[in-house]
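The block underneath contains the structure these notes are about, expressed in structure tokens.
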Amino acid sequence: MTQKEQSASATISPAAVGGDGFPTPDPVELSFNIMQAALLAQRATRMMLKSKRGNASISSGFSDMKRASGR
Amino acid sequence: MDVAQKYASDPIRVVEAQASLWNSYLDIAERAALTFLGEKVENPPVNDKRFKAPEWQQMFVFNVLKQIYLLSTSWIESQVRSVEDVDPHVRSQAQFYVKQLVNALSPTNFLFTNPEVLRETMSSNGANLVKGMEQMLEDVKRGRGKLEIQQTDMSAFTIGENIATTPGKVVYQNNLMQMIQYVPMTEKVFARPLLIFPPWINKYYILDLGPQKSFIRWCLEQGLTVFVVSWVNPDARLAMKTFEDYMIEGVYAALDAVEKATGMKEVNAIGYCIGGTLLSATLAHMAATGDDRIKSATFFAAQADFTEAGELKVFIDEDQIAAVEHQMESTGGLLEGSAMASTFNMLRSNDLVWSYVVNNYLLGREPMAFDLLYWNADATRMPARMHAFYLRECYLKNNLAEGRMKLGGIRLDLHKVKVPVYLQSSREDHIAPYRSVYKSTKLFSGPIRFMMAGSGHIAGVINPPSAKKYQYWTNDELPEKVEDWVKGAVEHPGSWWGDWFTWIKPKSGGKVAARIPGDTGLDIIEDAPGSYVKIKSED
């Protein structure tokens with residue numbers, strides 16, 4: 001190790017790079033909740049795609065962009 | 001496409017711009033490396049509410065991510081701005097959509113790149129995400145398939161109970177509006193009544209949010225007799241209503257009703273936003289027919305000349321108006337309330353869309369109770385014929401200012417309007433910019449006072465003296481250019497309401513006994529705020 005490398009390794013702390021900045025979650029509960037959230041998000045998306053209003057709002061967003069781009 | 005082609009047509013500038021971007025990236029990399037080695041590095045201050053959580057400053061990875069995002073977006077936006085030889089309308093559209101895109105792609109909007117959300121997810125074991133997605137599902141259900149993001153706790157407010165509570169009575173109504181006469185708050189009142197025409201995009205109670213913020217209540221406390229038009233939230237039966245109907249069944253009907261209620265033929269009038277545009281048009285109509293019942297006109301954030309009509313212009317061209325007309329046809333001749341709300345939200349998407357996506361869906365928090373946002377979410381529908389006329393005649397063709405608009409078969413000429421005019425504008429108003437409002441100083445022919453308030457389209461108007469917030473500027477001169485007006489303007493701290501009252505007081509006549517609603521020519525129909533204001537767009 002050069003002197004510079006030694007000095008660098010001495011000053012880098014996990015906190016400096018955000019490594020230990022977060023609390024540790026319970027992996028089982030976290031996984032379960034993420035799955036549940038994903039299912040809810042899927043339901044919401046399906047509902048939007050199935051409904052005329054939701055679909056219209058999505059497609060009008062795209063057509064606005066398309067029109068603005070001149071295509 | 002035009003913008004991209006023009007941009008690419010100057011390869012030298014493209015290379016220079018990219019080199020400058022890479023230089024800036026290298027600056028970030030250098031600062032990051034020094035931080036990594038434990039040196040204290042000063043990063044440029046960031047005045048962006050999205051990054052206010054301390055993690056964005058304190059945590060290395062997120063700090064770098066933030067800097068790269070801000071640098072890249074500012075670079076992209078400056079590149080779009082700098083493209084030459086492009087139609088200004090096309091350029092502003094490109095700027096608008098680029099802004100939407102970069103706002104959407106902010107690292108704050110994603111779970112894995114927002115440290116605040118990550119911390120919440122870790123500490124609650126993801127319960128925030130479940131709650132957030134439940135709230136999203138609710139918003140989709142409430143919007144019948146369309147995502148209608150809740151900006152405030154809608155259950156916290158009830159119209160007539162804790163919002164729009166100033167005592168008054170509905171003393172007149174027709175299909176299009178109810179007119180409220182407020183109960184006086186002084187024993188003696190000024191003889192000449194004040195008649196207010198609020199916008200019909202959203203509802204009148206922006207002027208009566210709560211006792212502390214109520215412009216209506218404040219006017220009553222000054223001894224004015226106040227009448228306010230509460231426009232109906234139209235349904236399919238009113239789809240054929242025109243802008244002219246708003247003049248006849250709105251302004252003219254209200255003037256007749258005030259005369260019956262008080263015996264006073266003459267009034268001072270206020271028009272707010274589109275209500276002000278209608279008031280301008282009606283004043284020109286009255287000037288042509290010799291009707292002089294309106295003795296002074298005050299305009300809040302109202303435009304008559306639409307050549308520089310703010311950010312809404314990005315949605316205005318023949319194709320887009322035709323698309324709106326098609327949309328209105330398919331929804332029974334009405335523009336849905338949510339369509340107008342979405343348009344306004346898009347203009348401030350960081351504040352009115354993405355901050356709620358993060359708060360409600362990622363952090364899983366409930367939105368706070370806020371009266372102004374309750375009002376903002378209480379959107380109204382628009383009759384198709386009226387709305388198409390307004391968009392074409394005002395925004396697209398500027399016919400009102402240029403003397404080509406016709407109502408009731410009469411060509412309107414604003415130069416014939418000779419009543420005293422008070423023009424309120426707000427410095428940060430993106431819907432009716434002060435430079436656009438200033439153009440009215442060159443249209444009306446009577447004495448004019450132009451005032452610029454601090455803040456924006458709403459907070460610039462609703463700023464009671466007791467709040468001691470913001471400031472306003474006045475200048476007795478009306479130079480040709482608004483820049484010169486601003487240069488010569490004097491800044492005053494606090495609310496401008498007192499300045500307006502000093503102006504309106506000598507125009508309000510002597511003092512008479514206070515008028516109790518229902519005591520004179522018009523019977524009471526119901527208590528204020530009336531039933532029209534309670535018609536929700538989802539009803």
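Identifiers in the structure tokens: chain A, B, ... in order shown; residue index from 1 per chain; ligand index from 1 in order shown.
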Dump as JSON lines the rows for residues of chain B within 6 Å of chain A: closest atom pair and distance in Å with one decimal, only C-alpha atoms counted, ordered by chain and rising residue number.
{"residue": "B:Met1", "atom": "CA", "partner": "A:Ser69", "partner_atom": "CA", "distance": 4.8}
{"residue": "B:Leu37", "atom": "CA", "partner": "A:Ala8", "partner_atom": "CA", "distance": 5.2}
{"residue": "B:Gly38", "atom": "CA", "partner": "A:Thr11", "partner_atom": "CA", "distance": 5.3}
{"residue": "B:Met59", "atom": "CA", "partner": "A:Gly18", "partner_atom": "CA", "distance": 4.9}
{"residue": "B:Phe60", "atom": "CA", "partner": "A:Val17", "partner_atom": "CA", "distance": 4.7}
{"residue": "B:Val61", "atom": "CA", "partner": "A:Val17", "partner_atom": "CA", "distance": 5.9}
{"residue": "B:Arg119", "atom": "CA", "partner": "A:Phe22", "partner_atom": "CA", "distance": 5.6}
{"residue": "B:Met122", "atom": "CA", "partner": "A:Pro25", "partner_atom": "CA", "distance": 4.9}
{"residue": "B:Ser123", "atom": "CA", "partner": "A:Pro23", "partner_atom": "CA", "distance": 5.8}
{"residue": "B:Asn125", "atom": "CA", "partner": "A:Leu30", "partner_atom": "CA", "distance": 4.4}
{"residue": "B:Gly126", "atom": "CA", "partner": "A:Leu30", "partner_atom": "CA", "distance": 5.2}
{"residue": "B:Leu129", "atom": "CA", "partner": "A:Ala37", "partner_atom": "CA", "distance": 5.7}
{"residue": "B:Val130", "atom": "CA", "partner": "A:Ala37", "partner_atom": "CA", "distance": 4.5}
{"residue": "B:Met133", "atom": "CA", "partner": "A:Leu40", "partner_atom": "CA", "distance": 5.7}
{"residue": "B:Leu137", "atom": "CA", "partner": "A:Ala44", "partner_atom": "CA", "distance": 4.9}
{"residue": "B:Gly145", "atom": "CA", "partner": "A:Met48", "partner_atom": "CA", "distance": 4.4}
{"residue": "B:Lys146", "atom": "CA", "partner": "A:Gly54", "partner_atom": "CA", "distance": 4.0}
Please produce a file of the residues just selected, as a PDB file, in the first residue's frame, where the atoms kept are N, CA, C and O atoms.
ATOM      1  N   MET B   1     -39.879  17.521 -32.467  1.00  0.00           N
ATOM      2  CA  MET B   1     -39.085  17.038 -33.592  1.00  0.00           C
ATOM      3  C   MET B   1     -38.324  18.204 -34.233  1.00  0.00           C
ATOM      4  O   MET B   1     -37.126  18.126 -34.459  1.00  0.00           O
ATOM      5  N   LEU B  37     -12.344  10.666   0.344  1.00  0.00           N
ATOM      6  CA  LEU B  37     -11.063  10.595   1.060  1.00  0.00           C
ATOM      7  C   LEU B  37     -11.129  11.308   2.416  1.00  0.00           C
ATOM      8  O   LEU B  37     -10.122  11.465   3.089  1.00  0.00           O
ATOM      9  N   GLY B  38     -12.304  11.761   2.759  1.00  0.00           N
ATOM     10  CA  GLY B  38     -12.489  12.341   4.083  1.00  0.00           C
ATOM     11  C   GLY B  38     -12.304  13.839   4.159  1.00  0.00           C
ATOM     12  O   GLY B  38     -12.353  14.423   5.247  1.00  0.00           O
ATOM     13  N   MET B  59     -25.376  11.907   3.001  1.00  0.00           N
ATOM     14  CA  MET B  59     -24.983  10.572   2.524  1.00  0.00           C
ATOM     15  C   MET B  59     -24.346  10.692   1.144  1.00  0.00           C
ATOM     16  O   MET B  59     -24.965  11.158   0.190  1.00  0.00           O
ATOM     17  N   PHE B  60     -23.132  10.231   1.084  1.00  0.00           N
ATOM     18  CA  PHE B  60     -22.285  10.411  -0.090  1.00  0.00           C
ATOM     19  C   PHE B  60     -22.986  10.032  -1.408  1.00  0.00           C
ATOM     20  O   PHE B  60     -23.070  10.834  -2.340  1.00  0.00           O
ATOM     21  N   VAL B  61     -23.483   8.806  -1.465  1.00  0.00           N
ATOM     22  CA  VAL B  61     -24.049   8.306  -2.729  1.00  0.00           C
ATOM     23  C   VAL B  61     -25.209   9.184  -3.201  1.00  0.00           C
ATOM     24  O   VAL B  61     -25.307   9.548  -4.378  1.00  0.00           O
ATOM     25  N   ARG B 119     -35.089   4.881   4.076  1.00  0.00           N
ATOM     26  CA  ARG B 119     -35.026   4.836   5.549  1.00  0.00           C
ATOM     27  C   ARG B 119     -36.382   4.423   6.128  1.00  0.00           C
ATOM     28  O   ARG B 119     -36.473   3.575   7.005  1.00  0.00           O
ATOM     29  N   MET B 122     -36.978   0.728   5.483  1.00  0.00           N
ATOM     30  CA  MET B 122     -36.189  -0.145   6.358  1.00  0.00           C
ATOM     31  C   MET B 122     -36.746  -0.112   7.786  1.00  0.00           C
ATOM     32  O   MET B 122     -36.871  -1.138   8.437  1.00  0.00           O
ATOM     33  N   SER B 123     -37.065   1.087   8.257  1.00  0.00           N
ATOM     34  CA  SER B 123     -37.475   1.165   9.663  1.00  0.00           C
ATOM     35  C   SER B 123     -38.896   0.637   9.883  1.00  0.00           C
ATOM     36  O   SER B 123     -39.227   0.205  10.971  1.00  0.00           O
ATOM     37  N   ASN B 125     -40.176  -1.820   7.968  1.00  0.00           N
ATOM     38  CA  ASN B 125     -40.216  -3.120   7.286  1.00  0.00           C
ATOM     39  C   ASN B 125     -41.159  -3.097   6.078  1.00  0.00           C
ATOM     40  O   ASN B 125     -41.865  -4.070   5.810  1.00  0.00           O
ATOM     41  N   GLY B 126     -41.208  -1.990   5.413  1.00  0.00           N
ATOM     42  CA  GLY B 126     -41.993  -1.889   4.182  1.00  0.00           C
ATOM     43  C   GLY B 126     -43.465  -1.568   4.393  1.00  0.00           C
ATOM     44  O   GLY B 126     -44.240  -1.528   3.431  1.00  0.00           O
ATOM     45  N   LEU B 129     -44.838   1.153   2.227  1.00  0.00           N
ATOM     46  CA  LEU B 129     -45.175   0.848   0.824  1.00  0.00           C
ATOM     47  C   LEU B 129     -46.572   0.243   0.713  1.00  0.00           C
ATOM     48  O   LEU B 129     -47.325   0.552  -0.211  1.00  0.00           O
ATOM     49  N   VAL B 130     -46.899  -0.607   1.688  1.00  0.00           N
ATOM     50  CA  VAL B 130     -48.248  -1.201   1.673  1.00  0.00           C
ATOM     51  C   VAL B 130     -49.284  -0.091   1.831  1.00  0.00           C
ATOM     52  O   VAL B 130     -50.249   0.001   1.056  1.00  0.00           O
ATOM     53  N   MET B 133     -49.446   2.015  -1.359  1.00  0.00           N
ATOM     54  CA  MET B 133     -50.146   1.387  -2.490  1.00  0.00           C
ATOM     55  C   MET B 133     -51.646   1.273  -2.216  1.00  0.00           C
ATOM     56  O   MET B 133     -52.464   1.353  -3.127  1.00  0.00           O
ATOM     57  N   LEU B 137     -54.447   2.771  -4.661  1.00  0.00           N
ATOM     58  CA  LEU B 137     -55.625   2.027  -5.112  1.00  0.00           C
ATOM     59  C   LEU B 137     -56.904   2.826  -4.835  1.00  0.00           C
ATOM     60  O   LEU B 137     -57.805   2.894  -5.670  1.00  0.00           O
ATOM     61  N   GLY B 145     -60.946   4.753 -12.196  1.00  0.00           N
ATOM     62  CA  GLY B 145     -59.970   4.209 -13.136  1.00  0.00           C
ATOM     63  C   GLY B 145     -58.864   5.182 -13.480  1.00  0.00           C
ATOM     64  O   GLY B 145     -57.854   4.810 -14.056  1.00  0.00           O
ATOM     65  N   LYS B 146     -59.086   6.453 -13.127  1.00  0.00           N
ATOM     66  CA  LYS B 146     -58.062   7.443 -13.411  1.00  0.00           C
ATOM     67  C   LYS B 146     -57.358   7.790 -12.085  1.00  0.00           C
ATOM     68  O   LYS B 146     -58.034   7.965 -11.071  1.00  0.00           O
TER      69      LYS B 146
END
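Atom CA of Lys442 of chain B is positioned 16.0 Å from atom CA of Val486 of chain B.
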*asked:* Neighbouring residues of Leu334 of chain B were defined as those with any atom within 10 Å, considering only C-alpha atoms; residues of the same chain fewer than 4 positions away were excluded. Please report them as a list in words.
replied: Pro234, Asp235, Ala236, Arg237, Leu238, Ala239, Met240, Glu325, Gln327, Met328, Glu329, Ser330, Arg381, Met382, Pro383, Ala384, Arg385, Met386 and His387 of chain B
Can you build me a table of segment 264-337 of chain B residues sitting at most 10 Å from segment 446-451 of chain B, with the closest atom pair per residue and its distance in Å to one decimal, using only C-alpha atoms, sorted by chain and residue number, as a Markdown table?
| residue | atom | partner | partner_atom | distance |
| --- | --- | --- | --- | --- |
| B:Ser296 | CA | B:Gly446 | CA | 9.5 |
| B:Ala297 | CA | B:Ile448 | CA | 9.7 |
| B:Thr298 | CA | B:Arg449 | CA | 9.4 |
| B:Phe299 | CA | B:Phe450 | CA | 9.7 |
*Distance query Ser214 of chain B at most 9 Å, only C-alpha atoms, self and fewer than 3 positions along chain excluded, as an NGL selection string*: :B and (164 or 166 or 205-211 or 217-219 or 462 or 464)
Can you write out the residues you just picked, keeping all heavy atoms, as a CSV table (one decimal), in the first residue's frame?
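Output file result_16.csv is given in full below:
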chain,number,residue,atom,x,y,z
B,164,ALA,N,-65.9,28.5,3.7
B,164,ALA,CA,-67.1,29.3,3.2
B,164,ALA,C,-68.1,29.5,4.3
B,164,ALA,O,-69.3,29.2,4.1
B,164,ALA,CB,-67.7,28.6,2.0
B,166,THR,N,-68.7,32.6,6.0
B,166,THR,CA,-69.2,34.0,6.3
B,166,THR,C,-70.7,34.0,6.1
B,166,THR,O,-71.2,33.6,5.1
B,166,THR,CB,-68.5,35.0,5.3
B,166,THR,OG1,-67.1,34.9,5.5
B,166,THR,CG2,-68.9,36.4,5.6
B,205,TYR,N,-65.4,30.1,-3.2
B,205,TYR,CA,-65.0,30.2,-1.8
B,205,TYR,C,-63.5,30.4,-1.6
B,205,TYR,O,-63.0,30.4,-0.5
B,205,TYR,CB,-65.6,29.1,-0.9
B,205,TYR,CG,-65.2,27.7,-1.3
B,205,TYR,CD1,-64.0,27.2,-0.8
B,205,TYR,CD2,-66.0,26.9,-2.1
B,205,TYR,CE1,-63.6,25.9,-1.1
B,205,TYR,CE2,-65.6,25.6,-2.4
B,205,TYR,CZ,-64.4,25.1,-1.9
B,205,TYR,OH,-64.0,23.8,-2.3
B,206,ILE,N,-62.8,30.5,-2.7
B,206,ILE,CA,-61.4,30.9,-2.6
B,206,ILE,C,-61.3,32.3,-1.9
B,206,ILE,O,-60.4,32.6,-1.2
B,206,ILE,CB,-60.6,30.9,-4.0
B,206,ILE,CG1,-59.2,31.2,-3.8
B,206,ILE,CG2,-61.3,31.9,-4.9
B,206,ILE,CD1,-58.4,30.2,-3.0
B,207,LEU,N,-62.4,33.0,-2.1
B,207,LEU,CA,-62.5,34.3,-1.4
B,207,LEU,C,-63.0,34.3,0.0
B,207,LEU,O,-63.3,35.3,0.6
B,207,LEU,CB,-63.4,35.3,-2.3
B,207,LEU,CG,-62.8,35.6,-3.7
B,207,LEU,CD1,-63.9,36.2,-4.5
B,207,LEU,CD2,-61.6,36.5,-3.6
B,208,ASP,N,-63.3,33.0,0.5
B,208,ASP,CA,-63.9,32.9,1.8
B,208,ASP,C,-63.5,31.5,2.4
B,208,ASP,O,-64.3,30.7,2.8
B,208,ASP,CB,-65.5,32.9,1.7
B,208,ASP,CG,-66.1,33.1,3.1
B,208,ASP,OD1,-65.5,33.5,4.0
B,208,ASP,OD2,-67.3,32.7,3.2
B,209,LEU,N,-62.1,31.3,2.4
B,209,LEU,CA,-61.6,30.0,2.9
B,209,LEU,C,-61.9,29.8,4.3
B,209,LEU,O,-62.2,28.7,4.7
B,209,LEU,CB,-60.1,30.0,2.6
B,209,LEU,CG,-59.7,29.6,1.1
B,209,LEU,CD1,-58.2,29.6,1.0
B,209,LEU,CD2,-60.3,28.3,0.6
B,210,GLY,N,-61.7,30.8,5.1
B,210,GLY,CA,-61.9,30.7,6.6
B,210,GLY,C,-61.9,32.1,7.1
B,210,GLY,O,-61.4,33.0,6.4
B,211,PRO,N,-62.3,32.3,8.3
B,211,PRO,CA,-62.4,33.7,8.8
B,211,PRO,C,-61.1,34.5,8.7
B,211,PRO,O,-61.2,35.7,8.3
B,211,PRO,CB,-62.8,33.5,10.3
B,211,PRO,CG,-63.4,32.2,10.4
B,211,PRO,CD,-62.8,31.4,9.3
B,217,ARG,N,-65.2,38.5,4.1
B,217,ARG,CA,-65.4,38.9,5.5
B,217,ARG,C,-64.6,40.2,5.7
B,217,ARG,O,-65.2,41.2,6.3
B,217,ARG,CB,-64.9,37.8,6.4
B,217,ARG,CG,-65.0,38.2,7.9
B,217,ARG,CD,-64.4,37.1,8.8
B,217,ARG,NE,-65.4,36.0,8.9
B,217,ARG,CZ,-66.3,35.9,9.8
B,217,ARG,NH1,-66.3,36.8,10.8
B,217,ARG,NH2,-67.2,34.9,9.9
B,218,TRP,N,-63.4,40.3,5.2
B,218,TRP,CA,-62.6,41.5,5.4
B,218,TRP,C,-63.3,42.8,4.8
B,218,TRP,O,-63.4,43.8,5.4
B,218,TRP,CB,-61.2,41.3,4.8
B,218,TRP,CG,-60.3,42.5,5.0
B,218,TRP,CD1,-59.5,42.7,6.1
B,218,TRP,CD2,-60.0,43.6,4.1
B,218,TRP,NE1,-58.8,43.9,6.0
B,218,TRP,CE2,-59.1,44.4,4.8
B,218,TRP,CE3,-60.5,43.9,2.9
B,218,TRP,CZ2,-58.6,45.6,4.2
B,218,TRP,CZ3,-60.1,45.1,2.3
B,218,TRP,CH2,-59.1,45.9,2.9
B,219,CYS,N,-63.9,42.6,3.6
B,219,CYS,CA,-64.7,43.7,2.9
B,219,CYS,C,-65.8,44.1,3.8
B,219,CYS,O,-66.1,45.3,3.9
B,219,CYS,CB,-65.2,43.2,1.5
B,219,CYS,SG,-63.9,43.1,0.3
B,462,ILE,N,-55.1,36.1,-2.2
B,462,ILE,CA,-55.6,35.8,-0.8
B,462,ILE,C,-54.5,36.0,0.2
B,462,ILE,O,-53.8,35.1,0.6
B,462,ILE,CB,-56.1,34.4,-0.8
B,462,ILE,CG1,-57.1,34.1,-1.9
B,462,ILE,CG2,-56.8,34.1,0.6
B,462,ILE,CD1,-58.2,35.1,-2.0
B,464,PRO,N,-54.4,38.2,3.5
B,464,PRO,CA,-55.0,39.2,4.4
B,464,PRO,C,-54.0,40.0,5.2
B,464,PRO,O,-52.9,39.5,5.5
B,464,PRO,CB,-55.8,38.3,5.4
B,464,PRO,CG,-55.2,36.9,5.3
B,464,PRO,CD,-54.7,36.8,3.9
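Residue nearest Glu134 of chain B within the list B:Glu402, B:Phe197, B:Glu366, B:Tyr532: B:Glu366 [criterion: smallest interatomic distance, only C-alpha atoms].
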*For Asn376 of chain B, list every protein, DNA or RNA residue within 9 Å, evaluated using only C-alpha atoms, and leave out those in the same chain fewer than 6 positions away; present the list as a list of chain:residue names.*
B:Gln151, B:Asn202, B:Lys203, B:Ile206, B:Ala341
Identify, on the basis of only C-alpha atoms, every residue whose closest approach to segment 271-278 of chain B does not exceed 10 Å; exclude the query and any residue fewer than 5 positions from it along the same chain; express the result as a JSON list (two decimals) with N, CA and C atoms, in the first residue's frame.
[["chain", "number", "residue", "atom", "x", "y", "z"],
["B", 195, "LEU", "N", -69.93, 44.05, -6.04],
["B", 195, "LEU", "CA", -70.40, 42.81, -6.67],
["B", 195, "LEU", "C", -69.21, 42.05, -7.24],
["B", 196, "ILE", "N", -69.03, 40.81, -6.78],
["B", 196, "ILE", "CA", -67.82, 40.05, -7.13],
["B", 196, "ILE", "C", -68.16, 38.90, -8.08],
["B", 197, "PHE", "N", -67.39, 38.83, -9.18],
["B", 197, "PHE", "CA", -67.52, 37.72, -10.14],
["B", 197, "PHE", "C", -66.27, 36.86, -10.06],
["B", 198, "PRO", "N", -66.35, 35.77, -9.32],
["B", 198, "PRO", "CA", -65.18, 34.90, -9.21],
["B", 198, "PRO", "C", -65.03, 34.06, -10.48],
["B", 199, "PRO", "N", -63.94, 33.33, -10.61],
["B", 199, "PRO", "CA", -63.83, 32.42, -11.76],
["B", 199, "PRO", "C", -64.82, 31.25, -11.61],
["B", 200, "TRP", "N", -65.20, 30.64, -12.72],
["B", 200, "TRP", "CA", -66.03, 29.43, -12.63],
["B", 200, "TRP", "C", -65.16, 28.18, -12.86],
["B", 201, "ILE", "N", -63.88, 28.41, -13.03],
["B", 201, "ILE", "CA", -62.93, 27.30, -12.94],
["B", 201, "ILE", "C", -62.61, 27.22, -11.45],
["B", 204, "TYR", "N", -66.18, 29.81, -5.86],
["B", 204, "TYR", "CA", -66.04, 31.18, -5.34],
["B", 204, "TYR", "C", -65.37, 31.25, -3.97],
["B", 207, "LEU", "N", -62.40, 33.01, -2.05],
["B", 207, "LEU", "CA", -62.48, 34.33, -1.42],
["B", 207, "LEU", "C", -63.05, 34.25, 0.00],
["B", 229, "VAL", "N", -71.17, 36.20, -6.78],
["B", 229, "VAL", "CA", -71.80, 35.21, -7.67],
["B", 229, "VAL", "C", -71.16, 33.86, -7.42],
["B", 243, "PHE", "N", -70.29, 31.63, -23.60],
["B", 243, "PHE", "CA", -69.65, 32.74, -22.89],
["B", 243, "PHE", "C", -70.65, 33.90, -22.77],
["B", 244, "GLU", "N", -71.41, 34.08, -23.84],
["B", 244, "GLU", "CA", -72.44, 35.15, -23.83],
["B", 244, "GLU", "C", -73.48, 34.89, -22.74],
["B", 246, "TYR", "N", -72.90, 33.48, -19.95],
["B", 246, "TYR", "CA", -72.28, 33.87, -18.68],
["B", 246, "TYR", "C", -72.39, 35.38, -18.48],
["B", 247, "MET", "N", -72.35, 36.13, -19.58],
["B", 247, "MET", "CA", -72.50, 37.58, -19.47],
["B", 247, "MET", "C", -73.97, 37.93, -19.12],
["B", 250, "GLY", "N", -75.15, 35.84, -16.00],
["B", 250, "GLY", "CA", -74.22, 36.07, -14.90],
["B", 250, "GLY", "C", -74.15, 37.53, -14.54],
["B", 251, "VAL", "N", -73.40, 38.30, -15.32],
["B", 251, "VAL", "CA", -73.16, 39.70, -14.95],
["B", 251, "VAL", "C", -74.44, 40.53, -14.99],
["B", 283, "LEU", "N", -67.97, 44.91, -19.70],
["B", 283, "LEU", "CA", -67.80, 46.37, -19.64],
["B", 283, "LEU", "C", -67.78, 46.97, -21.05],
["B", 284, "ALA", "N", -67.11, 46.26, -21.97],
["B", 284, "ALA", "CA", -67.07, 46.74, -23.36],
["B", 284, "ALA", "C", -68.47, 46.67, -23.97],
["B", 297, "ALA", "N", -64.13, 49.09, -11.76],
["B", 297, "ALA", "CA", -63.86, 47.66, -11.96],
["B", 297, "ALA", "C", -62.49, 47.32, -11.37],
["B", 298, "THR", "N", -62.48, 46.24, -10.58],
["B", 298, "THR", "CA", -61.23, 45.73, -10.02],
["B", 298, "THR", "C", -61.00, 44.36, -10.62],
["B", 299, "PHE", "N", -59.78, 44.12, -11.04],
["B", 299, "PHE", "CA", -59.46, 42.83, -11.66],
["B", 299, "PHE", "C", -58.40, 42.12, -10.83],
["B", 300, "PHE", "N", -58.71, 40.91, -10.41],
["B", 300, "PHE", "CA", -57.73, 40.08, -9.70],
["B", 300, "PHE", "C", -57.18, 39.07, -10.70],
["B", 301, "ALA", "N", -55.88, 39.13, -10.94],
["B", 301, "ALA", "CA", -55.21, 38.13, -11.78],
["B", 301, "ALA", "C", -56.00, 37.86, -13.06],
["B", 302, "ALA", "N", -56.44, 38.91, -13.70],
["B", 302, "ALA", "CA", -57.32, 38.75, -14.87],
["B", 302, "ALA", "C", -56.66, 39.33, -16.11],
["B", 303, "GLN", "N", -56.80, 38.59, -17.20],
["B", 303, "GLN", "CA", -56.19, 39.03, -18.45],
["B", 303, "GLN", "C", -57.27, 39.45, -19.45],
["B", 304, "ALA", "N", -56.94, 40.45, -20.23],
["B", 304, "ALA", "CA", -57.81, 40.82, -21.36],
["B", 304, "ALA", "C", -57.02, 40.61, -22.65],
["B", 305, "ASP", "N", -55.73, 40.90, -22.59],
["B", 305, "ASP", "CA", -54.84, 40.62, -23.72],
["B", 305, "ASP", "C", -54.11, 39.31, -23.42],
["B", 390, "TYR", "N", -63.88, 30.51, -25.23],
["B", 390, "TYR", "CA", -62.85, 31.17, -24.40],
["B", 390, "TYR", "C", -61.45, 30.85, -24.92],
["B", 394, "CYS", "N", -59.96, 34.06, -26.85],
["B", 394, "CYS", "CA", -59.00, 34.75, -25.98],
["B", 394, "CYS", "C", -57.59, 34.21, -26.21],
["B", 400, "LEU", "N", -60.48, 39.56, -27.92],
["B", 400, "LEU", "CA", -61.03, 40.56, -27.00],
["B", 400, "LEU", "C", -60.15, 41.81, -27.00],
["B", 423, "LEU", "N", -56.02, 47.19, -11.26],
["B", 423, "LEU", "CA", -55.51, 45.91, -11.79],
["B", 423, "LEU", "C", -54.58, 45.28, -10.77],
["B", 424, "GLN", "N", -55.02, 44.17, -10.20],
["B", 424, "GLN", "CA", -54.15, 43.41, -9.29],
["B", 424, "GLN", "C", -53.41, 42.37, -10.12],
["B", 431, "ILE", "N", -50.21, 31.75, -14.33],
["B", 431, "ILE", "CA", -51.43, 31.61, -15.13],
["B", 431, "ILE", "C", -51.82, 32.96, -15.75],
["B", 432, "ALA", "N", -51.73, 34.01, -14.95],
["B", 432, "ALA", "CA", -51.96, 35.37, -15.47],
["B", 432, "ALA", "C", -50.74, 36.21, -15.09],
["B", 457, "HIS", "N", -50.73, 33.15, -8.30],
["B", 457, "HIS", "CA", -52.09, 33.36, -8.78],
["B", 457, "HIS", "C", -53.13, 33.36, -7.65],
["B", 458, "ILE", "N", -52.90, 32.55, -6.63],
["B", 458, "ILE", "CA", -53.87, 32.46, -5.54],
["B", 458, "ILE", "C", -53.35, 33.21, -4.30],
["B", 461, "VAL", "N", -53.36, 36.89, -4.24],
["B", 461, "VAL", "CA", -54.66, 37.55, -4.06],
["B", 461, "VAL", "C", -55.12, 37.37, -2.61]]
*Determine which residues of segment 298-475 of chain B DSSP labels as alpha helix (DSSP H) from the backbone of this structure, then write them out as a PyMOL selection string.*
chain B and resi 318-330+337-347+349+355-356+371-377+384-389+434-438
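By chain and then residue number, the residues within 7 Å of segment 496-508 of chain B are Phe190, Ala191, Arg192, Ala453, Pro464, Pro465 and Tyr472 of chain B, counting only C-alpha atoms and disregarding those fewer than 5 positions away in sequence.
Going from atom CA of Ala377 of chain B over to atom CA of Glu120 of chain B, you cover 27.9 Å.
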*Those of segment 295-441 of chain B in DSSP strand (DSSP E), formatted as a ChimeraX atom specification*: /B:295-300,334-335,382-383,406-407,410-411,421-426
*In Å, with one decimal, what is the gap from atom CA of Ser466 of chain B to atom CA of Met368 of chain B?*
23.4 Å
